[in-house]
$ cat query.txt   # compact mmCIF, C-alpha atoms and all ligand atoms
# COMPACT_ATOMS: atom_id res chain seq x y z
CA MET Y 1 114.36 217.62 93.62
CA ARG Y 2 111.38 215.44 94.70
CA SER Y 3 110.01 213.01 92.11
CA ALA Y 4 106.34 213.28 91.12
CA GLY Y 5 105.49 209.87 92.55
CA LYS Y 6 104.97 208.66 96.06
CA LEU Y 7 105.80 205.43 97.87
CA THR Y 8 103.93 204.39 101.02
CA VAL Y 9 104.99 201.34 103.02
CA ILE Y 10 102.07 199.82 104.91
CA GLY Y 11 101.41 196.83 107.16
CA THR Y 12 98.16 194.87 106.97
CA GLY Y 13 98.34 193.92 110.65
CA PRO Y 14 98.46 190.24 111.66
CA GLY Y 15 95.59 189.18 109.38
CA ASN Y 16 92.34 190.27 111.03
CA PRO Y 17 91.00 193.10 108.80
CA ASP Y 18 89.88 195.01 111.94
CA GLN Y 19 93.55 195.16 112.94
CA MET Y 20 94.61 197.13 109.88
CA THR Y 21 94.88 200.83 110.74
CA PRO Y 22 92.52 203.35 109.08
CA GLU Y 23 95.67 205.20 107.95
CA ALA Y 24 96.86 202.09 106.03
CA ALA Y 25 93.35 201.56 104.58
CA HIS Y 26 93.36 205.18 103.35
CA ALA Y 27 96.80 204.73 101.73
CA ILE Y 28 95.46 201.63 99.91
CA GLU Y 29 92.56 203.68 98.48
CA GLN Y 30 94.98 206.30 97.13
CA ALA Y 31 97.60 204.04 95.51
CA THR Y 32 97.66 202.70 91.95
CA ASP Y 33 100.46 200.09 92.18
CA PHE Y 34 100.88 197.48 94.93
CA TYR Y 35 104.09 195.56 95.56
CA GLY Y 36 104.35 192.68 98.01
CA TYR Y 37 104.42 188.98 98.78
CA ALA Y 38 101.28 187.46 97.19
CA PRO Y 39 99.57 186.30 100.45
CA TYR Y 40 99.82 189.85 101.82
CA LEU Y 41 98.45 191.38 98.59
CA ASP Y 42 95.59 188.83 98.80
CA ARG Y 43 94.44 190.59 101.99
CA LEU Y 44 93.64 193.78 100.02
CA GLU Y 45 90.42 194.46 98.16
CA LEU Y 46 91.67 196.30 95.09
CA ARG Y 47 89.43 198.06 92.60
CA PRO Y 48 89.80 198.06 88.80
CA GLY Y 49 92.73 200.26 87.81
CA GLN Y 50 94.81 199.27 90.85
CA THR Y 51 97.63 196.93 89.82
CA ARG Y 52 99.17 194.06 91.81
CA HIS Y 53 102.89 193.32 91.45
CA ALA Y 54 103.26 190.11 93.50
CA SER Y 55 106.68 188.59 94.16
CA ASP Y 56 108.18 185.75 96.15
CA ASN Y 57 108.86 185.95 99.89
CA ARG Y 58 112.64 186.12 99.60
CA GLU Y 59 112.81 188.79 96.89
CA GLU Y 60 112.54 191.84 99.15
CA LEU Y 61 115.38 193.89 97.66
CA ASP Y 62 114.28 193.31 94.04
CA ARG Y 63 110.72 194.17 95.05
CA ALA Y 64 111.94 197.35 96.77
CA GLY Y 65 113.87 198.35 93.63
CA ALA Y 66 110.87 197.74 91.37
CA ALA Y 67 108.59 199.77 93.68
CA LEU Y 68 111.06 202.67 93.92
CA THR Y 69 111.54 202.71 90.14
CA ARG Y 70 107.76 202.91 89.62
CA ALA Y 71 107.45 205.70 92.19
CA ALA Y 72 110.38 207.61 90.64
CA GLU Y 73 108.49 207.44 87.31
CA GLY Y 74 105.51 209.17 88.97
CA GLY Y 75 103.49 206.18 90.27
CA GLU Y 76 101.41 206.19 93.46
CA VAL Y 77 103.00 203.10 94.96
CA CYS Y 78 102.04 201.06 98.01
CA VAL Y 79 104.49 198.47 99.35
CA VAL Y 80 102.67 195.93 101.49
CA SER Y 81 103.95 193.92 104.49
CA GLY Y 82 102.11 191.81 107.02
CA GLY Y 83 101.96 193.13 110.59
CA ASP Y 84 104.02 196.29 110.95
CA PRO Y 85 106.11 197.21 107.90
CA GLY Y 86 109.10 198.18 110.04
CA VAL Y 87 109.37 194.87 111.95
CA PHE Y 88 111.37 192.26 109.97
CA ALA Y 89 109.65 193.60 106.85
CA MET Y 90 109.70 195.83 103.79
CA ALA Y 91 110.40 199.27 105.30
CA ALA Y 92 114.02 198.28 106.01
CA ALA Y 93 114.38 196.80 102.50
CA ILE Y 94 113.14 200.09 100.99
CA CYS Y 95 115.63 202.09 103.11
CA GLU Y 96 118.46 199.69 102.15
CA ALA Y 97 117.58 200.06 98.47
CA VAL Y 98 117.55 203.87 98.72
CA ASP Y 99 120.86 203.80 100.63
CA ASN Y 100 122.58 201.76 97.92
CA GLY Y 101 120.57 202.68 94.82
CA PRO Y 102 120.54 205.38 92.13
CA ASP Y 103 120.07 209.09 92.97
CA GLU Y 104 116.51 209.22 91.59
CA TRP Y 105 115.34 206.85 94.35
CA ARG Y 106 116.46 209.43 96.96
CA ALA Y 107 114.03 211.92 95.41
CA VAL Y 108 110.98 209.67 96.04
CA ASP Y 109 108.52 210.86 98.68
CA ILE Y 110 108.50 207.87 101.09
CA SER Y 111 106.13 207.34 104.04
CA VAL Y 112 106.17 204.38 106.42
CA LEU Y 113 102.84 203.81 108.19
CA PRO Y 114 102.91 201.78 111.43
CA GLY Y 115 100.84 198.61 111.86
CA ILE Y 116 100.06 196.03 114.54
CA THR Y 117 102.95 193.60 114.70
CA ALA Y 118 102.55 189.87 115.40
CA MET Y 119 103.99 189.91 118.93
CA LEU Y 120 101.43 192.54 120.01
CA ALA Y 121 98.57 190.51 118.52
CA VAL Y 122 99.77 187.31 120.27
CA ALA Y 123 100.43 189.12 123.57
CA ALA Y 124 96.95 190.64 123.53
CA ARG Y 125 95.34 187.18 123.09
CA VAL Y 126 96.77 185.93 126.40
CA GLY Y 127 96.95 189.04 128.59
CA ALA Y 128 100.05 191.20 128.96
CA PRO Y 129 103.27 189.13 128.66
CA LEU Y 130 105.02 192.21 127.20
CA GLY Y 131 103.99 194.33 130.19
CA HIS Y 132 107.61 194.96 131.17
CA ASP Y 133 110.95 195.05 129.25
CA PHE Y 134 111.06 192.85 126.17
CA CYS Y 135 112.84 192.32 122.86
CA ALA Y 136 112.03 190.82 119.47
CA ILE Y 137 114.41 188.35 117.80
CA SER Y 138 114.08 186.80 114.36
CA LEU Y 139 115.26 183.18 114.46
CA SER Y 140 115.93 183.24 110.72
CA ASP Y 141 119.59 182.75 109.91
CA ASN Y 142 119.10 183.70 106.25
CA LEU Y 143 120.49 187.21 106.78
CA LYS Y 144 122.64 186.74 109.91
CA PRO Y 145 124.76 183.87 111.24
CA TRP Y 146 123.23 181.40 113.74
CA GLU Y 147 126.14 182.15 116.11
CA LEU Y 148 124.89 185.74 116.44
CA ILE Y 149 121.34 184.56 117.16
CA GLU Y 150 122.60 182.32 119.99
CA LYS Y 151 124.64 185.22 121.38
CA ARG Y 152 121.58 187.49 121.39
CA LEU Y 153 119.34 184.80 122.93
CA ALA Y 154 121.80 184.26 125.76
CA ALA Y 155 122.23 188.01 126.36
CA ALA Y 156 118.47 188.68 126.35
CA ALA Y 157 117.69 185.71 128.62
CA SER Y 158 120.50 186.61 131.05
CA ALA Y 159 119.33 190.22 131.21
CA GLY Y 160 115.76 189.19 132.10
CA PHE Y 161 114.03 190.33 128.90
CA VAL Y 162 110.81 188.71 127.75
CA MET Y 163 111.52 187.59 124.18
CA ALA Y 164 109.29 187.43 121.11
CA PHE Y 165 110.55 185.10 118.37
CA TYR Y 166 109.64 185.83 114.76
CA ASN Y 167 110.36 183.48 111.82
CA PRO Y 168 110.78 180.53 114.22
CA ILE Y 169 110.80 177.66 111.73
CA SER Y 170 110.38 176.84 108.04
CA ARG Y 171 110.98 173.96 105.65
CA SER Y 172 114.51 175.25 104.96
CA ARG Y 173 115.15 176.08 108.67
CA PRO Y 174 113.82 173.04 110.56
CA TRP Y 175 116.23 172.85 113.55
CA GLN Y 176 116.70 176.46 114.64
CA LEU Y 177 113.78 176.70 117.08
CA GLY Y 178 114.74 173.50 118.90
CA LYS Y 179 118.29 174.77 119.20
CA ALA Y 180 117.02 178.12 120.52
CA PHE Y 181 114.99 176.34 123.24
CA ASP Y 182 118.07 174.25 124.15
CA CYS Y 183 120.15 177.45 124.53
CA LEU Y 184 117.49 179.00 126.77
CA ARG Y 185 117.10 175.85 128.92
CA ALA Y 186 120.77 176.26 129.88
CA ILE Y 187 120.00 179.74 131.28
CA LEU Y 188 116.33 179.92 132.32
CA PRO Y 189 114.31 177.70 134.70
CA GLY Y 190 112.16 174.98 133.13
CA GLU Y 191 108.97 176.60 134.46
CA THR Y 192 109.55 179.78 132.39
CA VAL Y 193 106.28 180.59 130.58
CA VAL Y 194 106.22 180.07 126.79
CA VAL Y 195 103.35 181.14 124.52
CA PHE Y 196 102.98 179.77 120.98
CA GLY Y 197 100.74 182.19 119.05
CA ARG Y 198 99.81 180.84 115.63
CA ALA Y 199 97.93 182.96 113.05
CA ALA Y 200 96.83 185.44 115.72
CA GLY Y 201 93.67 187.27 114.67
CA ARG Y 202 92.89 184.88 111.80
CA PRO Y 203 90.18 182.20 111.64
CA ASP Y 204 92.84 179.45 111.99
CA GLU Y 205 94.36 181.04 115.12
CA HIS Y 206 95.82 178.66 117.71
CA ILE Y 207 97.26 179.77 121.05
CA GLU Y 208 99.16 177.42 123.38
CA ILE Y 209 100.54 178.31 126.80
CA THR Y 210 103.26 175.98 128.07
CA THR Y 211 106.63 176.02 129.83
CA LEU Y 212 110.19 176.10 128.55
CA ALA Y 213 110.70 172.53 129.81
CA ASP Y 214 107.74 171.30 127.73
CA ALA Y 215 108.08 173.65 124.73
CA ASP Y 216 107.93 171.51 121.59
CA PRO Y 217 109.33 173.08 118.40
CA THR Y 218 106.83 171.09 116.31
CA SER Y 219 104.07 173.26 117.86
CA ALA Y 220 105.30 176.13 115.66
CA ASP Y 221 105.16 176.87 111.96
CA MET Y 222 105.95 179.90 109.79
CA ALA Y 223 102.80 181.68 110.99
CA THR Y 224 103.76 181.41 114.67
CA CYS Y 225 105.20 184.06 116.97
CA ILE Y 226 106.56 182.67 120.24
CA ILE Y 227 106.80 184.64 123.46
CA VAL Y 228 109.25 183.38 126.09
CA GLY Y 229 108.65 184.96 129.47
CA SER Y 230 111.14 186.28 132.01
CA SER Y 231 111.43 184.95 135.55
CA GLU Y 232 108.70 187.47 136.50
CA THR Y 233 106.15 186.34 133.89
CA ARG Y 234 103.18 184.61 135.53
CA VAL Y 235 100.10 182.59 134.57
CA VAL Y 236 96.86 183.42 136.40
CA GLU Y 237 94.50 180.42 136.26
CA ARG Y 238 90.75 181.26 136.18
CA LEU Y 239 87.59 179.22 136.60
CA ASP Y 240 85.91 178.47 133.23
CA LEU Y 241 88.01 181.15 131.52
CA PRO Y 242 91.35 180.95 129.74
CA PRO Y 243 94.40 181.76 131.88
CA LEU Y 244 95.95 185.22 131.83
CA VAL Y 245 99.68 185.50 131.14
CA TYR Y 246 101.32 188.69 132.28
CA THR Y 247 104.65 190.24 133.18
CA PRO Y 248 104.28 192.63 136.14
CA ARG Y 249 105.18 196.29 135.68
CA PHE Y 250 107.80 196.07 138.48
CA ALA Y 251 111.06 194.10 138.60
CA GLU Y 252 113.97 193.56 141.03
CA VAL Y 253 117.67 193.09 140.35
CA SER Y 254 118.04 189.28 140.40
CA THR Y 255 120.77 187.84 142.63
C1 LIG Y 301 108.80 188.12 107.97
S1 LIG Y 301 108.10 188.24 109.56
C2 LIG Y 301 107.04 189.60 109.33
C3 LIG Y 301 106.58 190.22 110.60
C4 LIG Y 301 105.56 191.33 110.38
N1 LIG Y 301 106.13 192.45 109.70
C5 LIG Y 301 104.95 191.78 111.70
O1 LIG Y 301 105.16 192.92 112.09
O2 LIG Y 301 104.24 190.98 112.32
C6 LIG Y 301 107.00 186.86 109.55
C7 LIG Y 301 106.81 186.28 110.95
O3 LIG Y 301 105.89 187.08 111.67
C8 LIG Y 301 105.15 186.27 112.57
N2 LIG Y 301 103.72 186.44 112.26
C9 LIG Y 301 103.17 187.12 111.25
N3 LIG Y 301 101.82 187.13 111.33
C10 LIG Y 301 101.52 186.41 112.44
C11 LIG Y 301 100.29 186.08 113.09
N4 LIG Y 301 99.10 186.48 112.62
N5 LIG Y 301 100.34 185.35 114.22
C12 LIG Y 301 101.53 184.96 114.74
N6 LIG Y 301 102.74 185.25 114.17
C13 LIG Y 301 102.71 185.97 113.04
C14 LIG Y 301 105.64 184.84 112.39
O4 LIG Y 301 106.69 184.64 113.33
C15 LIG Y 301 106.21 184.89 110.98
O5 LIG Y 301 107.20 183.88 110.78
$ encode --input "query.txt" --output "structure tokens" --more "lines below"
Ligand SMILES: C[S@@+](CC[C@H](N)C(=O)[O-])C[C@H]1O[C@@H](n2cnc3c(N)ncnc32)[C@H](O)[C@@H]1O
Amino acid sequence: MRSAGKLTVIGTGPGNPDQMTPEAAHAIEQATDFYGYAPYLDRLELRPGQTRHASDNREELDRAGAALTRAAEGGEVCVVSGGDPGVFAMAAAICEAVDNGPDEWRAVDISVLPGITAMLAVAARVGAPLGHDFCAISLSDNLKPWELIEKRLAAAASAGFVMAFYNPISRSRPWQLGKAFDCLRAILPGETVVVFGRAAGRPDEHIEITTLADADPTSADMATCIIVGSSETRVVERLDLPPLVYTPRFAEVST
């Protein structure tokens, strides 16, 4: 039987309030209890009677359990991610908790509402680098071995996918991005287009367009999503306007 409560997983978008969906904004108005990483909860304007339950970045499964327990008790719960909640974020943690948790969590009415994910916000700032086939790879080796990340980088690069890198670097993961660029330099030409998109949509946004040969890992931080082009990705220079980066809609089998 369904529990009386409800759990909605939302994404705030990349940080610009205009990039949060009206559907997510409506879910925020309805909910009474909010679970999430504090900087994401800080993006919400809550009214009296709405309660914040902030937790640390790496406590996703505990947060999911606490949110499900509250919803199973009858709460109107909102679980908050940045960007899209299904992309390297809380929707998967909620599903994992339900999969492995007590029966009452299976009775909770769960909705996942889509949001604008970081790679789409960064891509839109420069043109259309994701205009043809692409993939998203988290460079965090907290939940998967680095060996697997290298394998996926090599497969994606060899197959001609444009790649978007999430979680490129942090204080506890300082070398992974440099290693990823080294792996790609062994497969892709040095002139491959690379876009560093930091804090897309926020006042401190910084966008840098460079090449794989010149890509410097110190240009990235935890708020950066990096797009590595395919051999088809091009930069269109323009007079007095920023360049356009795009990947054409057509592609050939490479020889
Ligand atoms: C744990 S993941 C969460 C992704 C999020 N669910 C999404 O859909 O964008 C965090 C990573 O997302 C990327 N990111 C989040 N917001 C960003 C923004 N405004 N600009 C660029 N990258 C961002 C960064 O790569 C960051 O390390």
$ residues_near_ligand --input "query.txt" --ligand "ligand LIG 301 (chain Y)" --cutoff "7 Å" --atoms "all atoms listed in the file" --output "ChimeraX atom specification"
/Y:11,13-15,81-89,116-119,121-122,165-168,197-202,222-225
$ atom_distance --input "query.txt" --atom1 "atom CA of Y:Ala27" --atom2 "atom CA of Y:Leu44"
11.5 Å
$ closest_residue --input "query.txt" --among "Y:Asp18, Y:Ser219, Y:Arg234, Y:Leu177" --to "Y:Thr192" --atoms "all atoms listed in the file"
Y:Arg234
$ atom_distance --input "query.txt" --atom1 "atom CA of Y:Lys179" --atom2 "atom CA of Y:Gly127"
27.3 Å
$ residues_around --input "query.txt" --residues "Y:Pro217" --least-positions-apart "6" --cutoff "10 Å" --atoms "all atoms listed in the file" --output "number ranges by chain"
Y: 168-169, 174-181, 196
$ closest_residue --input "query.txt" --among "Y:Val108, Y:Ala93, Y:Ala64, Y:Leu113" --to "Y:Ile28" --atoms "all atoms listed in the file"
Y:Leu113
$ closest_residue --input "query.txt" --among "Y:Ala124, Y:Pro48, Y:Ala97, Y:Ala31" --to "Y:Arg63" --atoms "all atoms listed in the file"
Y:Ala97
$ closest_atom_pairs --input "query.txt" --of "stretch 83-174 of chain Y" --to "stretch 66-77 of chain Y" --cutoff "9 Å" --atoms "all atoms listed in the file" --output "JSON lines"
{"residue": "Y:Ile94", "atom": "CA", "partner": "Y:Leu68", "partner_atom": "CA", "distance": 7.8}
{"residue": "Y:Ala97", "atom": "CA", "partner": "Y:Leu68", "partner_atom": "CA", "distance": 8.4}
{"residue": "Y:Val98", "atom": "CA", "partner": "Y:Leu68", "partner_atom": "CA", "distance": 8.2}
{"residue": "Y:Glu104", "atom": "CA", "partner": "Y:Ala72", "partner_atom": "CA", "distance": 6.4}
{"residue": "Y:Trp105", "atom": "CA", "partner": "Y:Leu68", "partner_atom": "CA", "distance": 6.0}
{"residue": "Y:Arg106", "atom": "CA", "partner": "Y:Ala72", "partner_atom": "CA", "distance": 9.0}
{"residue": "Y:Ala107", "atom": "CA", "partner": "Y:Ala72", "partner_atom": "CA", "distance": 7.4}
{"residue": "Y:Val108", "atom": "CA", "partner": "Y:Ala72", "partner_atom": "CA", "distance": 5.8}
{"residue": "Y:Asp109", "atom": "CA", "partner": "Y:Ala71", "partner_atom": "CA", "distance": 8.4}
$ atom_distance --input "query.txt" --atom1 "atom CA of Y:Thr21" --atom2 "atom CA of Y:Tyr35"
18.5 Å
$ closest_residue --input "query.txt" --among "Y:Leu241, Y:Leu41, Y:Val195, Y:Val236" --to "Y:Val162" --atoms "all atoms listed in the file"
Y:Val195
$ closest_residue --input "query.txt" --among "Y:Thr32, Y:Arg173, Y:Ala159, Y:Tyr37" --to "Y:Gln50" --atoms "all atoms listed in the file"
Y:Thr32
$ axis_aligned_box --input "query.txt" --around "stretch 158-169 of chain Y" --padding-each-side "6 Å" --output "JSON"
{"center_x": 114.9, "center_y": 184.0, "center_z": 121.9, "size_x": 23.2, "size_y": 24.7, "size_z": 32.4}
$ closest_residue --input "query.txt" --among "Y:Ile227, Y:Leu239, Y:Leu148, Y:Val193" --to "Y:Ala136" --atoms "only C-alpha atoms"
Y:Ile227
$ decode --input "query.txt" --residues "stretch 91-171 of chain Y" --atoms "C-alpha atoms" --output "short mmCIF file (atom, residue, chain, number, x, y, z; two decimals), in the first residue's frame"
data_model
loop_
_atom_site.label_atom_id
_atom_site.label_comp_id
_atom_site.auth_asym_id
_atom_site.auth_seq_id
_atom_site.Cartn_x
_atom_site.Cartn_y
_atom_site.Cartn_z
CA ALA Y 91 17.79 10.44 -7.93
CA ALA Y 92 20.10 7.42 -8.27
CA ALA Y 93 20.87 7.50 -4.52
CA ILE Y 94 17.12 7.46 -3.76
CA CYS Y 95 16.59 4.49 -6.12
CA GLU Y 96 19.57 2.65 -4.57
CA ALA Y 97 18.18 3.25 -1.08
CA VAL Y 98 14.73 1.96 -2.09
CA ASP Y 99 16.33 -1.07 -3.79
CA ASN Y 100 18.24 -2.04 -0.65
CA GLY Y 101 16.07 -0.56 2.10
CA PRO Y 102 13.04 -1.56 4.19
CA ASP Y 103 9.66 -2.38 2.60
CA GLU Y 104 8.02 0.86 3.77
CA TRP Y 105 10.35 2.87 1.49
CA ARG Y 106 8.91 0.99 -1.53
CA ALA Y 107 5.46 2.35 -0.63
CA VAL Y 108 6.59 6.00 -0.93
CA ASP Y 109 5.18 7.97 -3.87
CA ILE Y 110 8.41 9.10 -5.62
CA SER Y 111 8.67 11.59 -8.52
CA VAL Y 112 11.87 12.64 -10.25
CA LEU Y 113 11.61 16.02 -12.02
CA PRO Y 114 14.15 16.75 -14.78
CA GLY Y 115 16.42 19.81 -14.66
CA ILE Y 116 19.05 21.52 -16.80
CA THR Y 117 22.31 19.66 -16.34
CA ALA Y 118 25.73 21.36 -16.29
CA MET Y 119 26.91 20.09 -19.69
CA LEU Y 120 23.84 21.60 -21.39
CA ALA Y 121 24.40 24.95 -19.66
CA VAL Y 122 28.10 24.99 -20.67
CA ALA Y 123 27.34 23.83 -24.23
CA ALA Y 124 24.73 26.56 -24.66
CA ARG Y 125 27.25 29.26 -23.61
CA VAL Y 126 29.57 28.45 -26.53
CA GLY Y 127 27.23 27.26 -29.30
CA ALA Y 128 26.41 23.61 -29.95
CA PRO Y 129 29.35 21.30 -29.09
CA LEU Y 130 26.85 18.56 -28.20
CA GLY Y 131 25.16 18.86 -31.60
CA HIS Y 132 26.04 15.27 -32.52
CA ASP Y 133 26.73 12.06 -30.51
CA PHE Y 134 28.15 12.64 -27.04
CA CYS Y 135 28.58 11.07 -23.62
CA ALA Y 136 28.99 12.26 -20.04
CA ILE Y 137 31.73 10.84 -17.80
CA SER Y 138 32.34 11.60 -14.14
CA LEU Y 139 36.07 11.76 -13.45
CA SER Y 140 35.50 11.01 -9.77
CA ASP Y 141 37.05 7.72 -8.72
CA ASN Y 142 35.26 7.75 -5.35
CA LEU Y 143 32.64 5.24 -6.51
CA LYS Y 144 34.46 3.48 -9.38
CA PRO Y 145 38.09 2.53 -10.01
CA TRP Y 146 40.33 4.90 -12.03
CA GLU Y 147 41.14 1.98 -14.36
CA LEU Y 148 37.48 1.90 -15.46
CA ILE Y 149 37.48 5.66 -16.10
CA GLU Y 150 40.54 5.34 -18.36
CA LYS Y 151 38.88 2.45 -20.21
CA ARG Y 152 35.74 4.53 -20.81
CA LEU Y 153 37.74 7.61 -21.88
CA ALA Y 154 39.66 5.57 -24.44
CA ALA Y 155 36.50 3.88 -25.75
CA ALA Y 156 34.58 7.17 -26.05
CA ALA Y 157 37.49 8.99 -27.71
CA SER Y 158 38.14 6.12 -30.14
CA ALA Y 159 34.45 5.96 -31.08
CA GLY Y 160 34.34 9.69 -31.90
CA PHE Y 161 32.04 10.81 -29.08
CA VAL Y 162 32.18 14.37 -27.78
CA MET Y 163 32.72 13.99 -24.02
CA ALA Y 164 31.47 16.05 -21.08
CA PHE Y 165 33.48 15.61 -17.88
CA TYR Y 166 31.77 16.10 -14.54
CA ASN Y 167 33.57 16.17 -11.15
CA PRO Y 168 36.90 16.87 -12.89
CA ILE Y 169 39.02 17.79 -9.88
CA SER Y 170 38.88 18.37 -6.13
CA ARG Y 171 41.24 18.74 -3.18
#
